[in-house]
Amino acid sequence: MTTLLKAQSLVRTLPLTVPVTLVQDISLEIDHGEFVAIMGPSGSGKSSLLYLLGLLDIPTSGRLWLDGQETSGFDEDTLADIRLSKLGFVFQFHFLLAEFTALDNVMLPMRKLAKLSELQIQQRAEQLLKDLGMADHRHKRPDQLSGGQRQRVAIARALANDPLIILADEPTGNLDSVSSANVKEILRDLATHQGKTIITVTHDPVFAKAADRRIGLVDGRIDDQWVHPGLQK
Amino acid sequence: MRLQLGIAVTHLLARKRQTLVSLSGIVLGTAFFLAVSALMQGSEKDFIKRLVDNSPHITVSDEYRGADIQPADMKWPDAAVNIRSVKPQTEVRGIRGHQQKLAFIESIPGLRVAPALTGSVVLTFAGRIQGVSLTGLVPESMREVSSIEEKMIEGSLEALNVNPNGIIVGIGLINKFKLAMGRNVTVTTSDGVVRSMKIVGIFRTGTANYDETQTYALLKKVQSLLNRPNRVNRFVIQLNDPNKARDVATIIEQRIGYKSVSWLEASEDIMSLLTVRNVIMYSVVTAILVVAAFGIYNTISTIVMEKTRDIAIMKSMGFHASDIRLIFLSEGLIVGLVGSLLGILLGLGLMWILDQVTLPVSQFGGPTHLPVYRGQRQFFIAFGFAMISAIAASYLPANKGGRVHPVDILRGSM
Ligand SMILES: Nc1ncnc2c1ncn2[C@@H]1O[C@H](COP(=O)(O)OP(=O)(O)OP(=O)(O)O)[C@@H](O)[C@H]1O
Ligand SMILES: [Mg+2]
């Protein structure tokens with residue numbers, strides 16, 4: 001296995017009157033096709049770390065390599081282009097565009113990338129939704145879907161441009177146990193059978209168990225000793 | 001571009017009522033501007049047309065505009081010399097060397113010129129007395145430069161050639177003196193010359209004063225009557241293009257020295273009144289469109305505010321700040337475009353309604369319809385103004401949308 005994502009001494013500080021440190025001295029490596037769960041107490045900086053790894057936020061110091069490319073110093077538009085073609089995001093709340101149907105939401109990143117024809121884009125979006133069991137709901141708008149269904153649309157959208165990495169922030173946080181299990185299986189399957197790298201933040205010990213590796217985060221630092229209470233033996 | 005436009009249209013369609021309100025602002029602004037300016041320009045053009053048609057485009061008279069520069073001033077231009085009581089020279093004898101001057105004016109292309117000699121005389125008939133202004137003219141050339149011939153209700157200018165002792169008077173004088181065609185009136189000049197002249201024509205301009213105090217006779221006749229043989233004191237000039245009057249008047253005055261007044265200069269007070277009217281119209285319409293622009297601004301900033309989450313989603317997905325700006329600018333642009341096009345349609349409708357309005361016919365003709373002018377320029381101004389205000393109104397919110405940081409929104413809502 002080869003390293004896909006490498007972080008070295010990442011620090012993110014908010015320049016407020018009293019500066020707030022979100023993450024402190026984070027170094028880690030994540031391989032191709034690995035399924036990693038980031039865990040830790042509330043407020044420990046899990047989301048902040050995910051934004052840094054997902055190139056949504058820029059570290060105050062430290063370096064980050066993605067797919068062999070050093071990303072520090074890239075401007076906003078370049079980072080956006082990398083996000084568009086190599087990364088996919090799934091958040092706790094569905095974050096779909098309310099006025100667009102499930103199908104349109106999934107087509108959006110492909111339309112922005114504009115690598116495929118409109119017909120190919122539609123076919124791929126329909127296939128993705130079908131793979132996730134959403135074929136019948138593709139013409140519904142988000143407010144006509146259940147939480148679990150919305151999350152599956154969000155996953156389909158994250159997969160649209162065939163990214164290397166899916167970054168998810170508590171994707172099951174808002175779902176019942178049946179839907180949670182469903183989302184867990186989908187992500188696990190993506191890593192195992194499609195070679196996608198999955199980085200997910202989660203509070204859910206059952207979900208975390210499905211991951212190849214768990215990273216503990218306490219007060220913005222990696223803490224290998226920290227184990228979720230639900231996972232302690 | 002198509003993607004951003006599609007999102008823009010979706011945003012607008014999702015809030016129909018708000019979109020309609022900001023749309024109607026632009027529609028009404030554009031339509032009212034078109035209707036009002038069509039009427040304003042129409043009446044202005046109508047008015048100027050009458051002014052231009054009924055008065056000489058340029059009148060050259062035997063006066064000077066200012067006093068001659070005095071020798072002392074010429075010698076010491078910067079000296080503290082003050083020469084008082086210098087008056088412009090008056091040419092009691094008329095325009096000097098008018099033959100050559102006439103030839104010069106005739107050499108300028110695009111104009112027609114007629115010489116005239118005007119003086120004051122007293123008309124008497126059956127014990128009634130009236131001081132009038134008698135203008136000596138050459139029928140062939142005067143016909144080319146004035147509308148007097150069209151105003152003739154009896155007789156013609158030509159009759160002066162047939163009867164050198166003829167005189168043409170206005171209907172006002174005829175009524176006052178109880179005169180009729182073919183009757184003789186007595187003309188007395190200030191030098192005491194008394195002649196009997198025969199009425200060979202009657203005109204009516206509709207202006208009471210003019211119809212009572214203006215009379216016409218043959219130039220040669222008036223020259224001898226006023227004892228100014230071979231003199232004229234006025235050139236009346238008509239141009240093919242009345243708009244060139246000011247320039248041509250300047251050229252003539254520079255060359256021949258005599259005061260040359262264009263119709264623009266002669267009606268300066270009226271023209272400035274028209275300018276004031278235009279300023280008022282444009283201010284009112286600008287105000288309407290500014291209000292409309294605020295409507296657009298309001299709509300689009302509301303959309304941007306409601307859509308910060310969507311902006312965060314799109315940006316995290318890989319949309320650039322410029323894509324976001326384009327989305328919201330297009331929303332303003334669409335409102336502006338649709339609004340001004342509908343506004344032009346409504347404006348045309350209003351113009352059509354104005355066309356249907358009939359006015360009571362006045363005694364002397366005049367417009368029976370409202371003068372509605374459909375100039376290309378107004379349409380461009382209306383369209384341009386609507387588009388500019390729409391773009392300006394959406395620029396700020398669009399920029400604000402482009403600056404949204406996805407992480408700020410994600411942090412806030414997690
Ligand atoms: N704008 C801000 N101003 C001040 N402090 C902030 C701000 N944003 C985040 N923080 C702090 O930074 C720390 C890390 O936040 P972060 O959201 O990354 O934690 P988290 O591990 O994702 O928490 P949770 O499990 O509740 O989602 C928290 O202590 C939070 O209070
Ligand atoms: Mg979090």
# chains A, B, ... in the order shown; residues from 1 in each chain; ligands from 1
call {"tool": "residues_near_ligand", "arguments": {"ligand": "ligand 1", "cutoff": "6 Å", "atoms": "only C-alpha atoms and all ligand atoms", "output": "ChimeraX atom specification"}}
result
/A:20,22,42-48
call {"tool": "residues_around", "arguments": {"residues": "B:Arg65", "least_positions_apart": "5", "cutoff": "9 Å", "atoms": "only C-alpha atoms", "output": "PyMOL selection string"}}
result
chain B and resi 88+257-260
call {"tool": "residues_near_ligand", "arguments": {"ligand": "ligand 2", "cutoff": "12 Å", "atoms": "only C-alpha atoms and all ligand atoms", "output": "number ranges by chain"}}
result
A: 22, 38-51, 91-93, 168-171, 173, 200-203, 217, 220; B: 407, 410-414
call {"tool": "closest_atom_pairs", "arguments": {"of": "chain A", "to": "chain B", "cutoff": "10 Å", "atoms": "only C-alpha atoms", "output": "tab-separated table"}}
result
residue	atom	partner	partner_atom	distance
A:Ser47	CA	B:Arg411	CA	8.0
A:Ser48	CA	B:Arg411	CA	8.3
A:Tyr51	CA	B:Val407	CA	7.2
A:Leu52	CA	B:Val407	CA	9.8
A:Gly54	CA	B:Ser316	CA	8.9
A:Leu55	CA	B:Ser316	CA	8.8
A:Leu56	CA	B:Ser316	CA	6.4
A:Asp57	CA	B:Val407	CA	6.6
A:Glu76	CA	B:His320	CA	7.8
A:Asp77	CA	B:His320	CA	5.7
A:Thr78	CA	B:His320	CA	8.9
A:Leu79	CA	B:Gly318	CA	7.9
A:Ala80	CA	B:Gly318	CA	4.2
A:Asp81	CA	B:Gly318	CA	5.6
A:Ile82	CA	B:Gly318	CA	7.5
A:Arg83	CA	B:Gly318	CA	5.4
A:Leu84	CA	B:Gly318	CA	4.3
A:Ser85	CA	B:Gly318	CA	8.1
A:Lys86	CA	B:Gly318	CA	9.9
A:Leu87	CA	B:Met317	CA	8.2
A:Gly88	CA	B:Met317	CA	7.2
A:Phe89	CA	B:Met317	CA	7.4
A:Phe91	CA	B:Met414	CA	8.6
A:Gln92	CA	B:Met414	CA	7.3
A:Phe93	CA	B:Met414	CA	7.9
A:Phe95	CA	B:Ile313	CA	6.5
A:Leu96	CA	B:Ile313	CA	7.6
A:Leu97	CA	B:Asp310	CA	6.0
A:Ala98	CA	B:Asp310	CA	8.3
A:Glu99	CA	B:Thr10	CA	7.0
A:Phe100	CA	B:Thr10	CA	8.1
A:Leu108	CA	B:Leu3	CA	8.2
A:Pro109	CA	B:Met317	CA	6.7
A:Arg111	CA	B:Leu3	CA	6.9
A:Lys112	CA	B:Leu3	CA	7.1
A:Leu113	CA	B:Gly318	CA	8.7
A:Ala114	CA	B:Leu3	CA	9.7
A:Arg157	CA	B:Met317	CA	9.3
A:Ala158	CA	B:Met317	CA	8.3
A:Asp169	CA	B:Met414	CA	9.0
A:Glu170	CA	B:Met414	CA	9.4
call {"tool": "atom_distance", "arguments": {"atom1": "atom CA of B:Val291", "atom2": "atom CA of B:Gln376"}}
result
24.7 Å
call {"tool": "select_by_dssp", "arguments": {"residues": "stretch 49-94 of chain A", "states": "strand (DSSP E or B)", "output": "JSON, numbers by chain"}}
result
{"A": [61, 62, 63, 64, 65, 66, 69, 70, 87, 88, 89, 90]}
call {"tool": "select_by_dssp", "arguments": {"residues": "stretch 106-202 of chain B", "states": "alpha helix (DSSP H)", "output": "PyMOL selection string"}}
result
chain B and resi 106-107+139-145+158-162+171-177
call {"tool": "atom_distance", "arguments": {"atom1": "atom CA of B:Asp269", "atom2": "atom CA of B:Tyr282"}}
result
20.2 Å
call {"tool": "closest_residue", "arguments": {"among": "B:Ser340, B:His369, B:Gly332, B:Gly192", "to": "B:Asn298", "atoms": "only C-alpha atoms"}}
result
B:Gly332
call {"tool": "closest_residue", "arguments": {"among": "B:Asp62, B:Asp191, B:Glu150, B:Asp247", "to": "B:Ile108", "atoms": "only C-alpha atoms"}}
result
B:Asp247
call {"tool": "atom_distance", "arguments": {"atom1": "atom CA of A:His228", "atom2": "atom CA of A:Phe207"}}
result
11.8 Å
call {"tool": "closest_residue", "arguments": {"among": "B:Lys75, B:Val9, B:Val404, B:Ala103", "to": "B:Phe328", "atoms": "only C-alpha atoms"}}
result
B:Val9
call {"tool": "decode", "arguments": {"residues": "stretch 21-32 of chain B", "atoms": "N, CA and C atoms", "output": "mmCIF file, in the first residue's frame"}}
result
data_model
loop_
_atom_site.group_PDB
_atom_site.id
_atom_site.type_symbol
_atom_site.label_atom_id
_atom_site.label_comp_id
_atom_site.auth_asym_id
_atom_site.auth_seq_id
_atom_site.Cartn_x
_atom_site.Cartn_y
_atom_site.Cartn_z
ATOM 1 N N VAL B 21 -41.573 41.056 -7.657
ATOM 2 C CA VAL B 21 -41.554 42.422 -7.120
ATOM 3 C C VAL B 21 -40.366 43.193 -7.688
ATOM 4 N N SER B 22 -39.178 42.569 -7.657
ATOM 5 C CA SER B 22 -38.024 43.317 -8.161
ATOM 6 C C SER B 22 -38.099 43.472 -9.673
ATOM 7 N N LEU B 23 -38.734 42.494 -10.310
ATOM 8 C CA LEU B 23 -38.909 42.583 -11.765
ATOM 9 C C LEU B 23 -39.826 43.757 -12.110
ATOM 10 N N SER B 24 -40.936 43.884 -11.359
ATOM 11 C CA SER B 24 -41.901 44.929 -11.706
ATOM 12 C C SER B 24 -41.292 46.313 -11.496
ATOM 13 N N GLY B 25 -40.356 46.435 -10.536
ATOM 14 C CA GLY B 25 -39.680 47.722 -10.373
ATOM 15 C C GLY B 25 -38.993 48.131 -11.666
ATOM 16 N N ILE B 26 -38.238 47.200 -12.235
ATOM 17 C CA ILE B 26 -37.512 47.497 -13.478
ATOM 18 C C ILE B 26 -38.499 47.711 -14.633
ATOM 19 N N VAL B 27 -39.534 46.875 -14.686
ATOM 20 C CA VAL B 27 -40.509 46.989 -15.776
ATOM 21 C C VAL B 27 -41.154 48.375 -15.753
ATOM 22 N N LEU B 28 -41.645 48.773 -14.577
ATOM 23 C CA LEU B 28 -42.326 50.061 -14.484
ATOM 24 C C LEU B 28 -41.360 51.208 -14.755
ATOM 25 N N GLY B 29 -40.167 51.114 -14.173
ATOM 26 C CA GLY B 29 -39.185 52.172 -14.391
ATOM 27 C C GLY B 29 -38.901 52.367 -15.869
ATOM 28 N N THR B 30 -38.641 51.261 -16.556
ATOM 29 C CA THR B 30 -38.323 51.333 -17.982
ATOM 30 C C THR B 30 -39.518 51.853 -18.775
ATOM 31 N N ALA B 31 -40.702 51.327 -18.480
ATOM 32 C CA ALA B 31 -41.891 51.699 -19.251
ATOM 33 C C ALA B 31 -42.214 53.179 -19.070
ATOM 34 N N PHE B 32 -42.170 53.641 -17.812
ATOM 35 C CA PHE B 32 -42.496 55.053 -17.583
ATOM 36 C C PHE B 32 -41.476 55.946 -18.236
#
